Amino acid sequence: MYLKNARFDLLRVFGGAPLGLVVLASGLVFPGALAIWAWLWIAVGDGPHMFATYLRTLLDASMWKQRPRLLRLSFVVFGAGFVAMLVGAVIGSRAPFVAFVGLSALVGVVHVMRQHAGFLALYSSRTLSAAGRARDRVCLMAGLTVPYAWFLASHRSFGDLVPQGQETVWLAASGAVVALVTLVFFTGRRGALANAYFATAVGLSALSYFVVSRAEPLLPGATGFDQELLVVSILVSFMHQVQYVAIVGLFARARAQRGVGTGLAGCIVGSPGRTAAAYIAFVAFYLALAFGCGIYPGSEGLRAARLGPFWVTEIALSLFWGIALQHYVLDTFIWRFRHDPELRADLAAIRD
């Protein structure tokens with residue numbers, strides 16, 4: 001069963017996957033185009049994806065009535081980067097901040113996996129048993145995790161943990177596990193959409209970590225970990241970002257139609273013009289913040305800049321990752337369909 005209808009689902013839920021493949025293809029043919037894609041990805045993918053979180057939570061008056069403690073606590077993780085930065089300044093080492101960024105990136109990967117599991121559940125048959133849903137989730141998480149684990153174990157940036165000369169054996173074993181869990185998944189009767197979603201999510205993960213990561217850096221003159229794995233990052237996240245903006249918009253409109261008082265969020269989504277203006281304003285701020293991080297093409301000159309005892313890039317990254325961590329934490333608790341009757345009512349309204 002479609003989340004909304006065939007056109008919406010194919011464009012907005014699955015559409016980010018082929019868009020990521022376009023980035024890969026253009027990077028293989030015209031590597032210089034990846035510098036432009038890096039900023040387009042921030043502008044049309046990551047930036048709107050982050051703003052959608054605030055539209056769904058902090059800007060929604062009903063959420064402040066229902067989940068005030070969660071919204072307030074989300075600001076605790078928002079400040080984690082600044083704590084790491086201050087500790088590093090005190091001890092004279094950037095190690096605490098590097099650890100913060102690395103841990104945040106790992107949490108981000110898990111976050112993407114969880115969203116895939118949520119969409120798979122939405123596309124699965126309503127008559128599927130609890131055991132069947134559990135099996136599907138295990139298959140999906142295994143299919144997403146094994147390629148990522150192979151990437152961590154084999155990539156030079158993490159110390160080449162795979163024994164030298166055994167890369168092919170480990171890669172074959174990892175691929176066999178993904179093939180096995182895929183076979184187990186497809187032995188069940190899940191419906192065409194659930195099968196298609198599983199194949200798309202797991203296929204992107206396998207392509208990104210088994211294949212593309214070995215060919216990176218595809219960006220000419222790449223410096224730093226983020227630039228060296230730019231295409232992998234885009235491939236893994238574009239689908240996630242596009243579908244998140246789509247589902248937030250759907251649920252915001254569904255709540256408005258049901259007469260839920262959403263305050264500023266309802267005002268924004270009530271008009272295409274106001275929606276566009278709000279997203280454009282946030283994306284402009286987010287692009288400036290991304291430039292300050294010094295990790296995207298053209299902004300590398302900021303890496304040596306300091307503001308007193310602090311690195312300018314660390315200040316920007318603390319804000320950048322603070323937004324991301326706040327997004328991860330809020331998302332963990334606001335999309336629990338089984339435990340939230342209001343959310344189920346919104347889903348029913350969308351599908352009517």
# chains A, B, ... in the order shown; residues from 1 in each chain; ligands from 1
$ residues_around --residues "region 102-117 of chain A" --least-positions-apart "5" --cutoff "8 Å" --atoms "only C-alpha atoms" --output "ChimeraX atom specification"
/A:137,140-141,144,201,237,240,321,324-325,328
$ write_last_selection --atoms "N, CA and C atoms" --output "PDB file, in the first residue's frame"
ATOM      1  N   ARG A 137      12.798  -6.596  10.041  1.00  0.00           N
ATOM      2  CA  ARG A 137      13.662  -5.552  10.576  1.00  0.00           C
ATOM      3  C   ARG A 137      15.086  -6.072  10.745  1.00  0.00           C
ATOM      4  N   LEU A 140      16.689  -6.265   7.312  1.00  0.00           N
ATOM      5  CA  LEU A 140      17.032  -4.938   6.802  1.00  0.00           C
ATOM      6  C   LEU A 140      18.256  -4.373   7.524  1.00  0.00           C
ATOM      7  N   MET A 141      18.250  -4.426   8.848  1.00  0.00           N
ATOM      8  CA  MET A 141      19.363  -3.854   9.600  1.00  0.00           C
ATOM      9  C   MET A 141      20.668  -4.591   9.302  1.00  0.00           C
ATOM     10  N   LEU A 144      21.922  -3.473   5.911  1.00  0.00           N
ATOM     11  CA  LEU A 144      22.481  -2.125   5.935  1.00  0.00           C
ATOM     12  C   LEU A 144      23.781  -2.059   6.739  1.00  0.00           C
ATOM     13  N   ALA A 201      17.047   0.262  -0.432  1.00  0.00           N
ATOM     14  CA  ALA A 201      17.854   0.668   0.720  1.00  0.00           C
ATOM     15  C   ALA A 201      19.122  -0.172   0.853  1.00  0.00           C
ATOM     16  N   SER A 237      22.785   9.250   1.870  1.00  0.00           N
ATOM     17  CA  SER A 237      21.858  10.144   2.572  1.00  0.00           C
ATOM     18  C   SER A 237      20.794  10.819   1.716  1.00  0.00           C
ATOM     19  N   HIS A 240      17.296   9.387   2.082  1.00  0.00           N
ATOM     20  CA  HIS A 240      16.837   9.659   3.442  1.00  0.00           C
ATOM     21  C   HIS A 240      16.353  11.108   3.577  1.00  0.00           C
ATOM     22  N   TRP A 321      26.792  20.151  13.710  1.00  0.00           N
ATOM     23  CA  TRP A 321      26.486  18.840  14.275  1.00  0.00           C
ATOM     24  C   TRP A 321      25.477  18.941  15.409  1.00  0.00           C
ATOM     25  N   ALA A 324      22.243  18.551  13.782  1.00  0.00           N
ATOM     26  CA  ALA A 324      22.066  17.156  13.388  1.00  0.00           C
ATOM     27  C   ALA A 324      21.713  16.282  14.584  1.00  0.00           C
ATOM     28  N   LEU A 325      22.437  16.445  15.696  1.00  0.00           N
ATOM     29  CA  LEU A 325      22.175  15.622  16.875  1.00  0.00           C
ATOM     30  C   LEU A 325      20.796  15.905  17.453  1.00  0.00           C
ATOM     31  N   TYR A 328      18.492  13.982  15.349  1.00  0.00           N
ATOM     32  CA  TYR A 328      18.521  12.544  15.631  1.00  0.00           C
ATOM     33  C   TYR A 328      17.726  12.204  16.887  1.00  0.00           C
TER      34      TYR A 328
END
$ closest_atom_pairs --of "region 228-312 of chain A" --to "region 8-29 of chain A" --cutoff "6 Å" --atoms "only C-alpha atoms" --output "tab-separated table"
residue	atom	partner	partner_atom	distance
A:Leu235	CA	A:Gly20	CA	4.7
A:Phe238	CA	A:Gly16	CA	5.1
A:Met239	CA	A:Gly16	CA	3.6
A:Val242	CA	A:Gly16	CA	5.7
A:Gln243	CA	A:Val13	CA	4.5
A:Ala246	CA	A:Arg12	CA	6.0
$ closest_residue --among "A:Glu342, A:Trp150, A:Val101, A:Thr223" --to "Gly301 (chain A)" --atoms "only C-alpha atoms"
A:Thr223
$ atom_distance --atom1 "CA of Leu330 (chain A)" --atom2 "CA of Val248 (chain A)"
13.0 Å
$ closest_atom_pairs --of "region 252-352 of chain A" --to "region 75-91 of chain A" --cutoff "10 Å" --atoms "only C-alpha atoms" --output "JSON lines"
{"residue": "A:Pro309", "atom": "CA", "partner": "A:Ala89", "partner_atom": "CA", "distance": 6.6}
{"residue": "A:Phe310", "atom": "CA", "partner": "A:Ala89", "partner_atom": "CA", "distance": 6.9}
{"residue": "A:Trp311", "atom": "CA", "partner": "A:Met85", "partner_atom": "CA", "distance": 8.8}
{"residue": "A:Glu314", "atom": "CA", "partner": "A:Met85", "partner_atom": "CA", "distance": 6.9}
{"residue": "A:Ile315", "atom": "CA", "partner": "A:Phe82", "partner_atom": "CA", "distance": 7.3}
{"residue": "A:Ala316", "atom": "CA", "partner": "A:Gly81", "partner_atom": "CA", "distance": 9.7}
{"residue": "A:Leu317", "atom": "CA", "partner": "A:Gly81", "partner_atom": "CA", "distance": 7.6}
{"residue": "A:Ser318", "atom": "CA", "partner": "A:Gly81", "partner_atom": "CA", "distance": 4.4}
{"residue": "A:Leu319", "atom": "CA", "partner": "A:Gly81", "partner_atom": "CA", "distance": 7.5}
{"residue": "A:Phe320", "atom": "CA", "partner": "A:Gly81", "partner_atom": "CA", "distance": 9.1}
{"residue": "A:Trp321", "atom": "CA", "partner": "A:Gly81", "partner_atom": "CA", "distance": 7.2}
{"residue": "A:Gly322", "atom": "CA", "partner": "A:Phe78", "partner_atom": "CA", "distance": 4.0}
{"residue": "A:Ile323", "atom": "CA", "partner": "A:Phe78", "partner_atom": "CA", "distance": 6.3}
{"residue": "A:Ala324", "atom": "CA", "partner": "A:Phe78", "partner_atom": "CA", "distance": 8.1}
{"residue": "A:Leu325", "atom": "CA", "partner": "A:Val77", "partner_atom": "CA", "distance": 6.3}
{"residue": "A:Gln326", "atom": "CA", "partner": "A:Phe78", "partner_atom": "CA", "distance": 5.6}
{"residue": "A:His327", "atom": "CA", "partner": "A:Phe78", "partner_atom": "CA", "distance": 9.2}
{"residue": "A:Tyr328", "atom": "CA", "partner": "A:Val77", "partner_atom": "CA", "distance": 9.6}
{"residue": "A:Val329", "atom": "CA", "partner": "A:Val77", "partner_atom": "CA", "distance": 8.0}
$ write_last_selection --atoms "N, CA and C atoms" --output "mmCIF file, in the first residue's frame"
data_model
loop_
_atom_site.group_PDB
_atom_site.id
_atom_site.type_symbol
_atom_site.label_atom_id
_atom_site.label_comp_id
_atom_site.auth_asym_id
_atom_site.auth_seq_id
_atom_site.Cartn_x
_atom_site.Cartn_y
_atom_site.Cartn_z
ATOM 1 N N PRO A 309 41.103 31.430 21.451
ATOM 2 C CA PRO A 309 41.655 30.081 21.641
ATOM 3 C C PRO A 309 40.932 29.003 20.832
ATOM 4 N N PHE A 310 39.900 29.397 20.080
ATOM 5 C CA PHE A 310 39.060 28.407 19.397
ATOM 6 C C PHE A 310 39.258 28.466 17.884
ATOM 7 N N TRP A 311 39.144 27.295 17.268
ATOM 8 C CA TRP A 311 39.177 27.207 15.808
ATOM 9 C C TRP A 311 37.804 27.598 15.265
ATOM 10 N N GLU A 314 35.700 24.672 14.263
ATOM 11 C CA GLU A 314 35.108 23.919 15.363
ATOM 12 C C GLU A 314 33.841 24.603 15.878
ATOM 13 N N ILE A 315 33.831 25.921 15.888
ATOM 14 C CA ILE A 315 32.628 26.650 16.294
ATOM 15 C C ILE A 315 31.494 26.336 15.327
ATOM 16 N N ALA A 316 31.801 26.419 14.019
ATOM 17 C CA ALA A 316 30.778 26.144 13.009
ATOM 18 C C ALA A 316 30.331 24.690 13.060
ATOM 19 N N LEU A 317 31.287 23.777 13.217
ATOM 20 C CA LEU A 317 30.942 22.353 13.288
ATOM 21 C C LEU A 317 30.126 22.026 14.529
ATOM 22 N N SER A 318 30.360 22.735 15.624
ATOM 23 C CA SER A 318 29.565 22.514 16.831
ATOM 24 C C SER A 318 28.101 22.857 16.569
ATOM 25 N N LEU A 319 27.868 23.943 15.846
ATOM 26 C CA LEU A 319 26.499 24.311 15.476
ATOM 27 C C LEU A 319 25.929 23.329 14.453
ATOM 28 N N PHE A 320 26.754 23.005 13.458
ATOM 29 C CA PHE A 320 26.329 22.125 12.364
ATOM 30 C C PHE A 320 25.912 20.751 12.895
ATOM 31 N N TRP A 321 26.792 20.151 13.710
ATOM 32 C CA TRP A 321 26.486 18.840 14.275
ATOM 33 C C TRP A 321 25.477 18.941 15.409
ATOM 34 N N GLY A 322 25.397 20.103 16.058
ATOM 35 C CA GLY A 322 24.369 20.293 17.081
ATOM 36 C C GLY A 322 22.980 20.189 16.499
ATOM 37 N N ILE A 323 22.785 20.806 15.330
ATOM 38 C CA ILE A 323 21.498 20.704 14.631
ATOM 39 C C ILE A 323 21.215 19.249 14.279
ATOM 40 N N ALA A 324 22.243 18.551 13.782
ATOM 41 C CA ALA A 324 22.066 17.156 13.388
ATOM 42 C C ALA A 324 21.713 16.282 14.584
ATOM 43 N N LEU A 325 22.437 16.445 15.696
ATOM 44 C CA LEU A 325 22.175 15.622 16.875
ATOM 45 C C LEU A 325 20.796 15.905 17.453
ATOM 46 N N GLN A 326 20.397 17.153 17.438
ATOM 47 C CA GLN A 326 19.052 17.486 17.907
ATOM 48 C C GLN A 326 18.007 16.796 17.027
ATOM 49 N N HIS A 327 18.255 16.792 15.743
ATOM 50 C CA HIS A 327 17.398 16.092 14.785
ATOM 51 C C HIS A 327 17.339 14.596 15.092
ATOM 52 N N TYR A 328 18.492 13.982 15.349
ATOM 53 C CA TYR A 328 18.521 12.544 15.631
ATOM 54 C C TYR A 328 17.726 12.204 16.887
ATOM 55 N N VAL A 329 17.932 12.987 17.939
ATOM 56 C CA VAL A 329 17.261 12.708 19.202
ATOM 57 C C VAL A 329 15.753 12.895 19.083
#
$ atom_distance --atom1 "CA of Asp60 (chain A)" --atom2 "CA of Leu264 (chain A)"
6.3 Å
$ decode --residues "region 184-338 of chain A" --atoms "C-alpha atoms" --output "mmCIF file, in the first residue's frame"
data_model
loop_
_atom_site.group_PDB
_atom_site.id
_atom_site.type_symbol
_atom_site.label_atom_id
_atom_site.label_comp_id
_atom_site.auth_asym_id
_atom_site.auth_seq_id
_atom_site.Cartn_x
_atom_site.Cartn_y
_atom_site.Cartn_z
ATOM 1 C CA VAL A 184 15.525 -14.605 3.642
ATOM 2 C CA PHE A 185 13.589 -11.375 3.328
ATOM 3 C CA PHE A 186 12.241 -12.169 -0.125
ATOM 4 C CA THR A 187 11.016 -15.610 0.931
ATOM 5 C CA GLY A 188 8.238 -13.845 2.838
ATOM 6 C CA ARG A 189 5.185 -12.333 1.208
ATOM 7 C CA ARG A 190 5.686 -8.684 1.944
ATOM 8 C CA GLY A 191 4.183 -7.028 -1.119
ATOM 9 C CA ALA A 192 5.846 -5.291 -4.063
ATOM 10 C CA LEU A 193 6.423 -1.967 -2.302
ATOM 11 C CA ALA A 194 8.064 -3.521 0.752
ATOM 12 C CA ASN A 195 10.286 -5.632 -1.498
ATOM 13 C CA ALA A 196 11.185 -2.617 -3.619
ATOM 14 C CA TYR A 197 12.013 -0.548 -0.555
ATOM 15 C CA PHE A 198 14.220 -3.265 0.927
ATOM 16 C CA ALA A 199 16.054 -3.746 -2.369
ATOM 17 C CA THR A 200 16.592 0.001 -2.807
ATOM 18 C CA ALA A 201 17.854 0.668 0.720
ATOM 19 C CA VAL A 202 20.133 -2.374 0.931
ATOM 20 C CA GLY A 203 21.293 -1.977 -2.661
ATOM 21 C CA LEU A 204 22.362 1.622 -2.028
ATOM 22 C CA SER A 205 24.246 0.590 1.094
ATOM 23 C CA ALA A 206 26.056 -2.218 -0.726
ATOM 24 C CA LEU A 207 26.919 -0.012 -3.703
ATOM 25 C CA SER A 208 28.155 2.815 -1.485
ATOM 26 C CA TYR A 209 30.316 0.837 0.930
ATOM 27 C CA PHE A 210 31.379 -2.181 -1.126
ATOM 28 C CA VAL A 211 32.104 -0.385 -4.390
ATOM 29 C CA VAL A 212 32.117 3.421 -4.370
ATOM 30 C CA SER A 213 34.119 3.798 -1.145
ATOM 31 C CA ARG A 214 36.968 1.886 -2.805
ATOM 32 C CA ALA A 215 36.964 4.301 -5.755
ATOM 33 C CA GLU A 216 36.919 7.472 -3.668
ATOM 34 C CA PRO A 217 38.076 10.178 -3.646
ATOM 35 C CA LEU A 218 36.217 11.030 -6.846
ATOM 36 C CA LEU A 219 36.375 14.770 -6.105
ATOM 37 C CA PRO A 220 39.563 16.174 -7.710
ATOM 38 C CA GLY A 221 42.019 17.491 -5.134
ATOM 39 C CA ALA A 222 39.962 16.167 -2.213
ATOM 40 C CA THR A 223 41.384 16.992 1.205
ATOM 41 C CA GLY A 224 40.067 15.652 4.472
ATOM 42 C CA PHE A 225 37.855 12.705 5.214
ATOM 43 C CA ASP A 226 34.564 14.382 4.252
ATOM 44 C CA GLN A 227 35.743 15.405 0.787
ATOM 45 C CA GLU A 228 37.400 12.058 0.190
ATOM 46 C CA LEU A 229 34.092 10.257 0.794
ATOM 47 C CA LEU A 230 31.780 12.886 -0.681
ATOM 48 C CA VAL A 231 29.992 10.623 -3.162
ATOM 49 C CA VAL A 232 29.455 7.898 -0.561
ATOM 50 C CA SER A 233 27.885 10.460 1.783
ATOM 51 C CA ILE A 234 25.548 11.712 -0.923
ATOM 52 C CA LEU A 235 24.567 8.220 -2.064
ATOM 53 C CA VAL A 236 23.766 7.056 1.452
ATOM 54 C CA SER A 237 21.858 10.144 2.572
ATOM 55 C CA PHE A 238 20.043 11.689 -0.414
ATOM 56 C CA MET A 239 17.151 9.216 -0.309
ATOM 57 C CA HIS A 240 16.837 9.659 3.442
ATOM 58 C CA GLN A 241 16.803 13.461 3.202
ATOM 59 C CA VAL A 242 14.282 13.734 0.377
ATOM 60 C CA GLN A 243 11.823 11.324 1.978
ATOM 61 C CA TYR A 244 12.091 13.007 5.376
ATOM 62 C CA VAL A 245 11.066 16.391 3.989
ATOM 63 C CA ALA A 246 8.200 14.664 2.175
ATOM 64 C CA ILE A 247 6.825 12.805 5.185
ATOM 65 C CA VAL A 248 7.022 15.845 7.455
ATOM 66 C CA GLY A 249 5.039 17.846 4.918
ATOM 67 C CA LEU A 250 2.428 15.102 4.687
ATOM 68 C CA PHE A 251 1.947 14.848 8.423
ATOM 69 C CA ALA A 252 1.904 18.614 8.929
ATOM 70 C CA ARG A 253 -0.933 18.949 6.404
ATOM 71 C CA ALA A 254 -2.758 15.956 7.863
ATOM 72 C CA ARG A 255 -2.685 17.520 11.308
ATOM 73 C CA ALA A 256 -3.914 20.825 9.943
ATOM 74 C CA GLN A 257 -6.795 19.039 8.177
ATOM 75 C CA ARG A 258 -7.732 17.326 11.427
ATOM 76 C CA GLY A 259 -7.885 20.709 13.131
ATOM 77 C CA VAL A 260 -4.824 20.240 15.355
ATOM 78 C CA GLY A 261 -3.489 23.622 16.468
ATOM 79 C CA THR A 262 0.108 23.582 15.229
ATOM 80 C CA GLY A 263 0.819 27.291 15.554
ATOM 81 C CA LEU A 264 3.701 28.628 13.469
ATOM 82 C CA ALA A 265 4.243 25.256 11.756
ATOM 83 C CA GLY A 266 0.640 25.262 10.539
ATOM 84 C CA CYS A 267 1.003 28.827 9.312
ATOM 85 C CA ILE A 268 4.114 27.889 7.328
ATOM 86 C CA VAL A 269 2.701 24.763 5.669
ATOM 87 C CA GLY A 270 -0.643 26.438 5.029
ATOM 88 C CA SER A 271 0.773 28.388 2.095
ATOM 89 C CA PRO A 272 3.230 27.227 -0.604
ATOM 90 C CA GLY A 273 4.784 30.674 -0.585
ATOM 91 C CA ARG A 274 5.351 30.708 3.163
ATOM 92 C CA THR A 275 6.686 27.157 3.036
ATOM 93 C CA ALA A 276 9.187 28.067 0.325
ATOM 94 C CA ALA A 277 10.237 31.261 2.117
ATOM 95 C CA ALA A 278 10.830 29.429 5.416
ATOM 96 C CA TYR A 279 12.885 26.697 3.776
ATOM 97 C CA ILE A 280 14.924 29.195 1.732
ATOM 98 C CA ALA A 281 15.709 31.285 4.825
ATOM 99 C CA PHE A 282 16.911 28.265 6.793
ATOM 100 C CA VAL A 283 18.888 26.846 3.863
ATOM 101 C CA ALA A 284 20.680 30.195 3.412
ATOM 102 C CA PHE A 285 21.727 30.064 7.077
ATOM 103 C CA TYR A 286 22.670 26.385 6.763
ATOM 104 C CA LEU A 287 24.820 27.000 3.689
ATOM 105 C CA ALA A 288 26.701 29.754 5.526
ATOM 106 C CA LEU A 289 27.189 27.395 8.459
ATOM 107 C CA ALA A 290 28.447 24.626 6.137
ATOM 108 C CA PHE A 291 30.928 27.071 4.614
ATOM 109 C CA GLY A 292 32.178 27.928 8.094
ATOM 110 C CA CYS A 293 32.911 24.245 8.748
ATOM 111 C CA GLY A 294 35.700 24.363 6.156
ATOM 112 C CA ILE A 295 35.002 20.840 4.899
ATOM 113 C CA TYR A 296 33.209 21.541 1.617
ATOM 114 C CA PRO A 297 34.886 22.562 -1.658
ATOM 115 C CA GLY A 298 35.929 26.211 -1.672
ATOM 116 C CA SER A 299 35.845 26.681 2.102
ATOM 117 C CA GLU A 300 39.130 24.965 2.956
ATOM 118 C CA GLY A 301 40.841 28.299 3.689
ATOM 119 C CA LEU A 302 38.949 28.586 6.961
ATOM 120 C CA ARG A 303 40.691 25.540 8.449
ATOM 121 C CA ALA A 304 43.555 27.668 9.767
ATOM 122 C CA ALA A 305 41.364 30.465 11.146
ATOM 123 C CA ARG A 306 41.056 30.975 14.891
ATOM 124 C CA LEU A 307 38.853 33.105 17.114
ATOM 125 C CA GLY A 308 40.876 33.561 20.264
ATOM 126 C CA PRO A 309 41.655 30.081 21.641
ATOM 127 C CA PHE A 310 39.060 28.407 19.397
ATOM 128 C CA TRP A 311 39.177 27.207 15.808
ATOM 129 C CA VAL A 312 36.523 28.868 13.619
ATOM 130 C CA THR A 313 35.738 25.553 11.973
ATOM 131 C CA GLU A 314 35.108 23.919 15.363
ATOM 132 C CA ILE A 315 32.628 26.650 16.294
ATOM 133 C CA ALA A 316 30.778 26.144 13.009
ATOM 134 C CA LEU A 317 30.942 22.353 13.288
ATOM 135 C CA SER A 318 29.565 22.514 16.831
ATOM 136 C CA LEU A 319 26.499 24.311 15.476
ATOM 137 C CA PHE A 320 26.329 22.125 12.364
ATOM 138 C CA TRP A 321 26.486 18.840 14.275
ATOM 139 C CA GLY A 322 24.369 20.293 17.081
ATOM 140 C CA ILE A 323 21.498 20.704 14.631
ATOM 141 C CA ALA A 324 22.066 17.156 13.388
ATOM 142 C CA LEU A 325 22.175 15.622 16.875
ATOM 143 C CA GLN A 326 19.052 17.486 17.907
ATOM 144 C CA HIS A 327 17.398 16.092 14.785
ATOM 145 C CA TYR A 328 18.521 12.544 15.631
ATOM 146 C CA VAL A 329 17.261 12.708 19.202
ATOM 147 C CA LEU A 330 13.890 14.243 18.360
ATOM 148 C CA ASP A 331 13.334 11.761 15.547
ATOM 149 C CA THR A 332 13.969 8.842 17.875
ATOM 150 C CA PHE A 333 10.854 9.703 19.863
ATOM 151 C CA ILE A 334 8.375 11.451 17.531
ATOM 152 C CA TRP A 335 7.785 8.693 14.951
ATOM 153 C CA ARG A 336 6.569 5.830 17.135
ATOM 154 C CA PHE A 337 3.389 4.797 15.384
ATOM 155 C CA ARG A 338 2.607 1.855 17.657
#
